[in-house]
>>> print(open('work_1.txt').read())   # compact mmCIF, C-alpha atoms and all ligand atoms
# COMPACT_ATOMS: atom_id res chain seq x y z
CA MET L 1 -70.75 5.32 -5.30
CA SER L 2 -67.90 2.98 -5.75
CA ASN L 3 -65.78 2.72 -2.69
CA PRO L 4 -67.81 1.45 0.24
CA LEU L 5 -66.08 0.92 3.56
CA LEU L 6 -69.13 -0.89 4.83
CA GLU L 7 -71.76 -2.90 3.07
CA VAL L 8 -74.75 -4.36 4.84
CA LYS L 9 -76.85 -6.86 2.91
CA ASP L 10 -80.24 -8.11 4.07
CA LEU L 11 -79.23 -7.94 7.73
CA LYS L 12 -81.59 -9.68 10.14
CA LYS L 13 -81.41 -9.86 13.90
CA HIS L 14 -84.25 -11.81 15.50
CA TYR L 15 -84.56 -12.41 19.22
CA PRO L 16 -86.39 -15.53 20.37
CA ILE L 17 -88.65 -14.54 23.26
CA LYS L 18 -89.30 -17.49 25.51
CA GLY L 19 -92.69 -18.11 27.02
CA SER L 20 -94.21 -15.06 25.39
CA SER L 21 -97.28 -16.95 24.24
CA LEU L 22 -99.63 -19.54 25.64
CA PHE L 23 -98.01 -22.92 26.42
CA GLY L 24 -94.60 -21.27 26.54
CA SER L 25 -93.95 -21.59 22.82
CA LYS L 26 -91.38 -19.24 21.36
CA HIS L 27 -92.12 -15.95 19.73
CA VAL L 28 -89.63 -14.12 17.61
CA LEU L 29 -88.93 -10.43 18.00
CA LYS L 30 -87.72 -9.14 14.65
CA ALA L 31 -85.56 -6.24 15.82
CA VAL L 32 -83.92 -5.88 12.40
CA ASP L 33 -85.68 -7.57 9.54
CA GLY L 34 -83.77 -7.27 6.28
CA VAL L 35 -81.74 -4.08 6.15
CA SER L 36 -79.36 -3.21 3.29
CA PHE L 37 -77.20 -0.14 2.81
CA SER L 38 -73.60 0.82 2.29
CA ILE L 39 -71.36 3.57 3.61
CA GLU L 40 -68.62 5.08 1.47
CA LYS L 41 -65.16 5.76 2.85
CA GLY L 42 -65.14 9.08 4.68
CA GLU L 43 -68.90 9.37 4.50
CA THR L 44 -71.40 9.95 7.31
CA PHE L 45 -74.50 7.81 7.03
CA GLY L 46 -77.34 8.87 9.32
CA LEU L 47 -79.85 6.34 10.63
CA VAL L 48 -83.08 7.72 12.06
CA GLY L 49 -86.39 6.43 13.34
CA GLU L 50 -88.47 6.24 16.50
CA SER L 51 -87.15 4.55 19.60
CA GLY L 52 -87.31 0.76 19.31
CA CYS L 53 -87.22 0.61 15.50
CA GLY L 54 -83.89 -1.26 15.51
CA LYS L 55 -81.24 1.42 14.98
CA SER L 56 -78.96 0.33 17.80
CA THR L 57 -79.36 -3.29 16.78
CA VAL L 58 -78.14 -2.41 13.28
CA GLY L 59 -75.16 -0.54 14.76
CA ARG L 60 -74.26 -3.26 17.21
CA SER L 61 -74.58 -5.91 14.51
CA ILE L 62 -72.24 -4.04 12.20
CA ILE L 63 -69.47 -3.78 14.75
CA ARG L 64 -70.24 -7.36 15.73
CA LEU L 65 -71.08 -6.75 19.37
CA HIS L 66 -73.38 -9.72 18.94
CA ASP L 67 -74.07 -12.46 16.43
CA ILE L 68 -76.58 -11.78 13.69
CA THR L 69 -79.46 -13.97 12.50
CA SER L 70 -78.68 -13.69 8.79
CA GLY L 71 -77.31 -11.39 6.13
CA ASN L 72 -73.83 -10.10 5.37
CA ILE L 73 -71.64 -7.34 6.68
CA TYR L 74 -68.60 -6.40 4.63
CA LEU L 75 -65.82 -4.24 6.00
CA ASP L 76 -63.61 -3.07 3.16
CA GLY L 77 -64.77 -6.05 1.11
CA ALA L 78 -64.19 -8.67 3.83
CA ASP L 79 -67.27 -10.53 5.04
CA ILE L 80 -67.17 -10.22 8.83
CA SER L 81 -70.75 -11.34 9.43
CA THR L 82 -70.00 -14.82 10.73
CA LEU L 83 -66.43 -14.48 12.01
CA ASN L 84 -65.77 -15.79 15.51
CA GLU L 85 -64.10 -13.67 18.17
CA LYS L 86 -60.62 -14.88 17.28
CA SER L 87 -60.96 -14.05 13.60
CA LEU L 88 -62.67 -10.76 14.42
CA LYS L 89 -59.71 -9.58 16.44
CA LYS L 90 -57.93 -7.98 13.51
CA TYR L 91 -61.08 -6.03 12.59
CA ARG L 92 -61.97 -4.86 16.09
CA ARG L 93 -59.49 -1.98 16.12
CA ARG L 94 -60.89 -0.63 12.86
CA MET L 95 -64.44 -0.30 14.19
CA GLN L 96 -65.02 1.79 17.29
CA ALA L 97 -68.16 3.12 18.95
CA VAL L 98 -69.45 6.09 20.91
CA PHE L 99 -72.72 5.59 22.78
CA GLN L 100 -75.42 7.84 24.16
CA ASP L 101 -74.47 7.69 27.79
CA PRO L 102 -70.75 8.27 28.34
CA TYR L 103 -71.27 7.90 32.07
CA ALA L 104 -72.27 4.29 31.58
CA SER L 105 -69.56 3.53 29.03
CA LEU L 106 -66.63 5.14 30.88
CA ASN L 107 -65.20 3.23 33.84
CA PRO L 108 -65.60 5.67 36.78
CA THR L 109 -62.45 4.40 38.49
CA MET L 110 -60.18 5.32 35.59
CA ASN L 111 -58.78 8.75 34.85
CA VAL L 112 -58.65 10.24 31.36
CA PHE L 113 -55.13 8.97 30.71
CA GLU L 114 -56.13 5.42 31.66
CA LEU L 115 -59.44 5.57 29.79
CA ILE L 116 -57.87 6.68 26.53
CA SER L 117 -54.79 4.46 26.76
CA GLU L 118 -56.82 1.32 27.46
CA PRO L 119 -57.86 0.62 23.83
CA MET L 120 -54.36 1.58 22.66
CA LYS L 121 -52.91 -1.11 24.89
CA ILE L 122 -55.47 -3.69 23.80
CA HIS L 123 -54.62 -3.14 20.16
CA GLY L 124 -50.89 -2.41 20.38
CA ASN L 125 -47.92 -2.04 22.64
CA PRO L 126 -47.17 1.68 22.90
CA SER L 127 -44.63 2.97 25.42
CA VAL L 128 -45.91 5.31 28.16
CA ALA L 129 -44.27 8.23 26.36
CA GLU L 130 -46.01 7.30 23.10
CA GLN L 131 -49.32 6.93 24.89
CA LYS L 132 -48.95 10.34 26.47
CA GLU L 133 -48.02 12.03 23.22
CA THR L 134 -50.98 10.49 21.41
CA ILE L 135 -53.39 11.28 24.24
CA LEU L 136 -52.33 14.92 24.45
CA HIS L 137 -52.91 15.26 20.71
CA LEU L 138 -56.32 13.58 21.06
CA LEU L 139 -57.34 15.85 23.93
CA ASP L 140 -56.53 18.80 21.75
CA GLN L 141 -58.53 17.29 18.89
CA VAL L 142 -61.63 16.84 21.04
CA GLY L 143 -61.33 20.23 22.70
CA LEU L 144 -60.12 19.15 26.14
CA LYS L 145 -57.11 20.50 28.02
CA LYS L 146 -53.82 19.05 29.15
CA ASP L 147 -54.80 19.43 32.80
CA HIS L 148 -57.82 17.18 32.23
CA LEU L 149 -55.41 14.26 31.85
CA TYR L 150 -55.64 12.88 35.37
CA ARG L 151 -59.27 13.70 36.08
CA TYR L 152 -62.06 11.18 36.52
CA PRO L 153 -65.39 10.93 34.63
CA HIS L 154 -67.44 12.41 37.52
CA GLU L 155 -65.38 15.61 37.36
CA PHE L 156 -66.64 16.40 33.86
CA SER L 157 -69.86 17.71 32.34
CA GLY L 158 -71.88 15.45 30.03
CA GLY L 159 -70.43 17.12 26.94
CA GLN L 160 -66.86 16.75 28.23
CA ARG L 161 -67.44 13.09 29.06
CA GLN L 162 -68.63 12.53 25.53
CA ARG L 163 -65.43 14.20 24.30
CA VAL L 164 -63.44 11.70 26.37
CA SER L 165 -65.42 8.83 24.78
CA ILE L 166 -64.67 10.21 21.34
CA ALA L 167 -60.95 10.54 22.14
CA ARG L 168 -61.01 6.96 23.38
CA ALA L 169 -62.59 5.75 20.16
CA LEU L 170 -60.08 7.74 18.08
CA SER L 171 -57.05 6.52 20.02
CA VAL L 172 -56.69 3.38 17.89
CA LYS L 173 -57.09 5.23 14.56
CA PRO L 174 -60.28 3.47 13.50
CA ASP L 175 -61.67 3.51 9.95
CA PHE L 176 -65.21 3.52 11.24
CA ILE L 177 -67.00 4.91 14.29
CA LEU L 178 -70.52 3.92 15.25
CA CYS L 179 -72.04 7.01 16.85
CA ASP L 180 -75.18 5.73 18.57
CA GLU L 181 -77.16 8.79 19.67
CA PRO L 182 -73.98 10.45 20.96
CA ILE L 183 -75.68 13.80 21.49
CA SER L 184 -79.19 12.77 22.55
CA ALA L 185 -78.45 13.13 26.27
CA LEU L 186 -76.63 16.47 25.94
CA ASP L 187 -77.93 20.01 26.32
CA VAL L 188 -79.01 21.52 23.03
CA SER L 189 -76.26 24.15 23.27
CA VAL L 190 -73.63 21.42 23.58
CA GLN L 191 -75.09 19.21 20.84
CA ALA L 192 -73.98 21.46 18.01
CA GLN L 193 -70.46 21.74 19.46
CA VAL L 194 -70.08 17.98 19.52
CA ILE L 195 -71.46 17.66 15.99
CA ASN L 196 -69.01 20.29 14.73
CA MET L 197 -66.16 18.54 16.47
CA LEU L 198 -67.08 15.20 14.89
CA GLU L 199 -67.13 16.91 11.50
CA ASP L 200 -63.71 18.49 12.06
CA ILE L 201 -62.29 15.12 13.10
CA GLN L 202 -63.68 13.54 9.96
CA ALA L 203 -62.16 16.26 7.78
CA GLU L 204 -58.80 15.67 9.45
CA THR L 205 -58.75 11.88 9.63
CA GLY L 206 -61.12 10.69 6.90
CA VAL L 207 -62.96 8.47 9.39
CA THR L 208 -66.35 7.05 8.36
CA TYR L 209 -69.40 7.43 10.63
CA LEU L 210 -72.69 5.68 11.12
CA PHE L 211 -74.61 8.34 13.02
CA ILE L 212 -77.76 7.19 14.78
CA ALA L 213 -80.43 9.59 16.02
CA HIS L 214 -84.11 9.39 16.84
CA ASP L 215 -85.10 12.55 15.05
CA LEU L 216 -84.11 14.21 11.85
CA SER L 217 -83.09 17.64 13.08
CA MET L 218 -79.43 17.04 14.01
CA VAL L 219 -78.56 14.24 11.59
CA ARG L 220 -79.28 16.53 8.71
CA HIS L 221 -76.22 18.61 9.41
CA ILE L 222 -73.76 15.83 9.88
CA SER L 223 -74.99 13.22 7.39
CA ASP L 224 -74.16 12.91 3.72
CA ARG L 225 -76.89 10.33 3.30
CA ILE L 226 -79.67 9.22 5.61
CA GLY L 227 -81.62 5.99 6.06
CA VAL L 228 -85.04 6.12 7.72
CA MET L 229 -86.03 3.06 9.77
CA TYR L 230 -89.44 1.81 10.79
CA LEU L 231 -90.03 -1.42 12.73
CA GLY L 232 -86.86 -3.20 11.71
CA ASN L 233 -86.68 -2.03 8.09
CA ILE L 234 -85.18 0.88 6.21
CA VAL L 235 -88.06 2.54 4.35
CA GLU L 236 -86.15 5.31 2.57
CA ILE L 237 -82.54 6.21 1.76
CA GLY L 238 -81.37 9.41 0.16
CA SER L 239 -78.84 12.19 0.36
CA SER L 240 -79.54 14.54 3.26
CA GLU L 241 -80.53 17.27 0.86
CA GLU L 242 -82.81 15.10 -1.20
CA LEU L 243 -84.47 13.57 1.84
CA TYR L 244 -85.25 16.99 3.29
CA SER L 245 -86.37 18.65 0.11
CA ASN L 246 -88.20 15.70 -1.37
CA PRO L 247 -89.18 13.12 1.25
CA LEU L 248 -91.07 10.29 -0.47
CA HIS L 249 -92.12 7.81 2.18
CA PRO L 250 -95.17 8.91 4.21
CA TYR L 251 -93.23 8.03 7.36
CA THR L 252 -90.29 10.26 6.40
CA GLN L 253 -92.77 13.03 5.61
CA ALA L 254 -94.33 12.65 9.06
CA LEU L 255 -90.94 12.66 10.81
CA LEU L 256 -89.89 15.76 8.91
CA SER L 257 -93.11 17.60 9.57
CA ALA L 258 -92.43 17.27 13.29
CA ILE L 259 -89.22 19.28 13.28
CA PRO L 260 -89.26 23.07 13.29
CA GLU L 261 -87.97 24.73 10.12
CA PRO L 262 -85.40 27.32 11.17
CA ASP L 263 -85.21 28.93 7.74
CA PRO L 264 -88.10 31.43 7.45
CA THR L 265 -87.76 31.56 3.65
CA ILE L 266 -88.79 27.92 3.43
CA GLU L 267 -92.50 27.32 3.38
CA LYS L 268 -93.67 25.68 6.57
CA ARG L 269 -94.38 21.99 6.18
CA GLU L 270 -97.83 20.80 6.98
CA ARG L 271 -97.72 19.00 10.32
CA ILE L 272 -98.56 15.32 9.88
CA ILE L 273 -99.58 13.63 13.09
CA LEU L 274 -99.43 9.87 12.85
CA GLN L 275 -102.36 7.96 14.26
CA GLY L 276 -101.86 5.10 16.69
CA GLU L 277 -98.81 3.58 18.27
CA VAL L 278 -95.82 1.85 16.71
CA PRO L 279 -96.88 -1.83 16.58
CA SER L 280 -94.84 -4.30 18.62
CA PRO L 281 -92.04 -5.95 16.64
CA LEU L 282 -93.45 -9.21 18.05
CA HIS L 283 -96.67 -8.74 16.07
CA SER L 284 -95.82 -6.56 13.13
CA PRO L 285 -98.52 -5.93 10.51
CA SER L 286 -98.68 -7.96 7.28
CA GLY L 287 -97.54 -6.36 4.03
CA CYS L 288 -96.17 -2.88 4.66
CA LYS L 289 -95.45 -2.58 8.37
CA PHE L 290 -96.27 1.13 8.29
CA ARG L 291 -99.75 0.66 6.83
CA THR L 292 -101.54 0.76 10.22
CA ARG L 293 -100.42 4.36 10.67
CA CYS L 294 -100.16 5.46 7.07
CA PRO L 295 -102.51 8.19 5.85
CA HIS L 296 -102.27 6.75 2.30
CA ALA L 297 -102.74 3.03 3.05
CA MET L 298 -104.25 1.02 0.17
CA THR L 299 -105.44 -2.60 -0.14
CA ILE L 300 -102.13 -3.75 -1.61
CA CYS L 301 -100.32 -2.46 1.47
CA GLN L 302 -101.97 -5.18 3.61
CA GLU L 303 -100.98 -7.92 1.24
CA VAL L 304 -97.61 -7.20 -0.30
CA VAL L 305 -94.36 -6.19 1.39
CA PRO L 306 -93.08 -3.17 -0.56
CA GLU L 307 -89.60 -3.68 -2.03
CA MET L 308 -86.94 -1.02 -1.81
CA MET L 309 -86.67 0.65 -5.21
CA GLU L 310 -84.61 3.44 -6.67
CA VAL L 311 -86.91 6.30 -7.65
CA GLU L 312 -84.14 8.69 -8.57
CA THR L 313 -80.39 8.13 -8.60
CA GLY L 314 -79.35 7.49 -5.02
CA HIS L 315 -82.90 7.92 -3.68
CA GLN L 316 -84.60 4.68 -2.68
CA VAL L 317 -87.98 4.11 -1.11
CA ALA L 318 -90.03 1.09 -0.06
CA CYS L 319 -93.65 2.18 -0.59
CA HIS L 320 -96.49 1.01 -2.86
CA LEU L 321 -97.26 4.61 -3.80
CA PHE L 322 -94.16 4.34 -5.97
CA SER L 323 -94.64 0.79 -7.27
CA LYS L 324 -95.19 0.60 -10.98
P1 LIG R 1 -83.56 1.65 18.75
O1 LIG R 1 -82.08 1.75 18.91
O2 LIG R 1 -84.05 2.08 17.40
O3 LIG R 1 -84.30 2.35 19.84
P2 LIG R 1 -83.15 -1.16 19.36
O4 LIG R 1 -82.27 -1.63 18.27
O5 LIG R 1 -82.50 -0.88 20.66
O6 LIG R 1 -83.98 0.11 18.86
O7 LIG R 1 -84.29 -2.24 19.62
C1 LIG R 1 -85.10 -2.76 18.57
C2 LIG R 1 -86.07 -3.76 19.15
O8 LIG R 1 -85.34 -4.91 19.59
C3 LIG R 1 -86.85 -3.27 20.36
O9 LIG R 1 -88.15 -3.79 20.30
C4 LIG R 1 -86.09 -3.85 21.52
O10 LIG R 1 -86.93 -4.05 22.63
C5 LIG R 1 -85.61 -5.17 20.95
N1 LIG R 1 -84.35 -5.66 21.54
C6 LIG R 1 -83.16 -5.02 21.53
N2 LIG R 1 -82.22 -5.77 22.14
C7 LIG R 1 -82.84 -6.92 22.56
C8 LIG R 1 -82.41 -8.11 23.25
N3 LIG R 1 -81.15 -8.26 23.63
N4 LIG R 1 -83.35 -9.06 23.48
C9 LIG R 1 -84.62 -8.92 23.08
N5 LIG R 1 -85.09 -7.83 22.41
C10 LIG R 1 -84.21 -6.84 22.15
MG MG R 2 -80.96 2.85 20.30
>>> encode(input="work_1.txt", output="structure tokens")
Amino acid sequence: MSNPLLEVKDLKKHYPIKGSSLFGSKHVLKAVDGVSFSIEKGETFGLVGESGCGKSTVGRSIIRLHDITSGNIYLDGADISTLNEKSLKKYRRRMQAVFQDPYASLNPTMNVFELISEPMKIHGNPSVAEQKETILHLLDQVGLKKDHLYRYPHEFSGGQRQRVSIARALSVKPDFILCDEPISALDVSVQAQVINMLEDIQAETGVTYLFIAHDLSMVRHISDRIGVMYLGNIVEIGSSEELYSNPLHPYTQALLSAIPEPDPTIEKRERIILQGEVPSPLHSPSGCKFRTRCPHAMTICQEVVPEMMEVETGHQVACHLFSK
């Protein structure tokens, strides 16, 4: 680990919620509450956790779609965490995004040519001939055809629309693409195709991904390393392999036990069913936020917030079971 494209240090994003308590005083929703990790150049970092745990907020903070509460975000060594829109301009091209619902993120009145050329024109001044040449190459890269060029989003399937979104993100040759649940809305049969395509594109271009998903089954294949989030914090980080073969945090163990093991030679994991609901990020538990659902909760877990610590090289966990 020596060449991070992205470094996130103690990132916090808190939302003040007006009038959420008696007398209209302000409450604070801690959507992301101190998250640190880095992504190497050309690496895919997976971020998983239940809906509402703060994954999208981490992603959107990194590409500076909104201001952050505190912490630092470094892109290639440059601190972009507090830059204003004007200063961010030169970094915008380098960080692109693909979201879950391409229907919502693609303007329905634009055809494929217009959709893909739009970011190119924002970030440069290519001639129409240059645009067309680049777009035809991109269509090929994402598995679409030349005669898709003048079609509109409604004429495509969900998977094809997502391919258009990916081509659009790639059109400005980004260093980094935030993939926020890009396959969650697609048919299972199409999911693997899109994952394979993203992997091929990475092999060809060296682009770095942050790949967000709500379960561990698909991220395993695409991610080099994975971070597991719970209620605004990362509770475990490890290589995909390590996380699957040796999950340490009780929450990671529970998430993993919920996915079917396709390999019959691997002993079936014991199914761990978590008790209770995810607490609201407006009223998160003291100490370890997972303790209210943890099958191993101890007294210390109520009192002390567990620090992230490295248990083995590259494998970090925030859990008192591993405190010395
Ligand atoms: P995930 O992507 O893991 O499902 P999100 O990052 O979207 O989670 O949301 C994390 C938490 O922050 C949720 O409780 C969500 O309701 C809250 N949240 C997200 N965006 C806002 C916002 N703009 N204002 C207030 N709360 C928000
Ligand atoms: Mg999300």
>>> atom_distance(input="work_1.txt", atom1="atom CA of L:Ser239", atom2="atom CA of L:Leu6")
16.9 Å
>>> closest_residue(input="work_1.txt", among="L:Glu312, L:Glu130, L:Glu270, L:Asp215", to="ligand LIG 1 (chain R)", atoms="all atoms listed in the file")
L:Asp215
>>> residues_near_ligand(input="work_1.txt", ligand="ligand LIG 1 (chain R)", cutoff="6 Å", atoms="only C-alpha atoms and all ligand atoms", output="ChimeraX atom specification")
/L:15,31,51-57,281
>>> residues_near_ligand(input="work_1.txt", ligand="ligand MG 2 (chain R)", cutoff="12 Å", atoms="all atoms listed in the file", output="mmCIF file with C-alpha atoms, keeping the file's coordinate frame")
data_model
loop_
_atom_site.group_PDB
_atom_site.id
_atom_site.type_symbol
_atom_site.label_atom_id
_atom_site.label_comp_id
_atom_site.auth_asym_id
_atom_site.auth_seq_id
_atom_site.Cartn_x
_atom_site.Cartn_y
_atom_site.Cartn_z
ATOM 1 C CA ALA L 31 -85.560 -6.240 15.820
ATOM 2 C CA LEU L 47 -79.850 6.340 10.630
ATOM 3 C CA VAL L 48 -83.080 7.720 12.060
ATOM 4 C CA GLY L 49 -86.390 6.430 13.340
ATOM 5 C CA GLU L 50 -88.470 6.240 16.500
ATOM 6 C CA SER L 51 -87.150 4.550 19.600
ATOM 7 C CA GLY L 52 -87.310 0.760 19.310
ATOM 8 C CA CYS L 53 -87.220 0.610 15.500
ATOM 9 C CA GLY L 54 -83.890 -1.260 15.510
ATOM 10 C CA LYS L 55 -81.240 1.420 14.980
ATOM 11 C CA SER L 56 -78.960 0.330 17.800
ATOM 12 C CA THR L 57 -79.360 -3.290 16.780
ATOM 13 C CA VAL L 58 -78.140 -2.410 13.280
ATOM 14 C CA GLY L 59 -75.160 -0.540 14.760
ATOM 15 C CA ARG L 60 -74.260 -3.260 17.210
ATOM 16 C CA VAL L 98 -69.450 6.090 20.910
ATOM 17 C CA PHE L 99 -72.720 5.590 22.780
ATOM 18 C CA GLN L 100 -75.420 7.840 24.160
ATOM 19 C CA ASP L 101 -74.470 7.690 27.790
ATOM 20 C CA LEU L 178 -70.520 3.920 15.250
ATOM 21 C CA CYS L 179 -72.040 7.010 16.850
ATOM 22 C CA ASP L 180 -75.180 5.730 18.570
ATOM 23 C CA GLU L 181 -77.160 8.790 19.670
ATOM 24 C CA PRO L 182 -73.980 10.450 20.960
ATOM 25 C CA SER L 184 -79.190 12.770 22.550
ATOM 26 C CA PHE L 211 -74.610 8.340 13.020
ATOM 27 C CA ILE L 212 -77.760 7.190 14.780
ATOM 28 C CA ALA L 213 -80.430 9.590 16.020
ATOM 29 C CA HIS L 214 -84.110 9.390 16.840
ATOM 30 C CA ASP L 215 -85.100 12.550 15.050
ATOM 31 C CA MET L 229 -86.030 3.060 9.770
#
>>> closest_residue(input="work_1.txt", among="L:Met197, L:Val112, L:Val235, L:Leu5", to="L:Lys146", atoms="all atoms listed in the file")
L:Val112
>>> closest_residue(input="work_1.txt", among="L:Asn125, L:Ser280, L:Gly46, L:Asn233", to="L:Val219", atoms="all atoms listed in the file")
L:Gly46
>>> atom_distance(input="work_1.txt", atom1="atom CA of L:Gly158", atom2="atom CA of L:Tyr91")
29.7 Å
>>> residues_near_point(input="work_1.txt", point="(-67.9, -9.0, 2.2)", cutoff="12 Å", atoms="all atoms listed in the file", output="list in words")
Pro4, Leu5, Leu6, Glu7, Val8, Lys9, Ser38, Ile62, Gly71, Asn72, Ile73, Tyr74, Leu75, Asp76, Gly77, Ala78, Asp79, Ile80, Ser81, Thr82 and Leu83 of chain L
>>> closest_residue(input="work_1.txt", among="L:Met95, L:Ile39, L:Val304, L:Ile195", to="L:Arg64", atoms="all atoms listed in the file")
L:Met95
>>> residues_around(input="work_1.txt", residues="L:Gly159", least_positions_apart="6", cutoff="12 Å", atoms="only C-alpha atoms", output="PyMOL selection string")
chain L and resi 100-103+142-144+153+165-166+182-195+197
>>> residues_around(input="work_1.txt", residues="L:Leu321", least_positions_apart="5", cutoff="12 Å", atoms="all atoms listed in the file", output="MDAnalysis selection string")
chainID L and resid 248:250 288 291 294:301 306:309 311
>>> atom_distance(input="work_1.txt", atom1="atom CA of L:Gln202", atom2="atom CA of L:Gly42")
7.1 Å
>>> closest_residue(input="work_1.txt", among="L:Ser171, L:Gln141, L:Thr292, L:Asn84", to="L:Glu277", atoms="only C-alpha atoms")
L:Thr292
>>> residues_near_point(input="work_1.txt", point="(-88.5, -16.9, 21.0)", cutoff="6 Å", atoms="only C-alpha atoms", output="PyMOL selection string")
chain L and resi 16-18+26-28
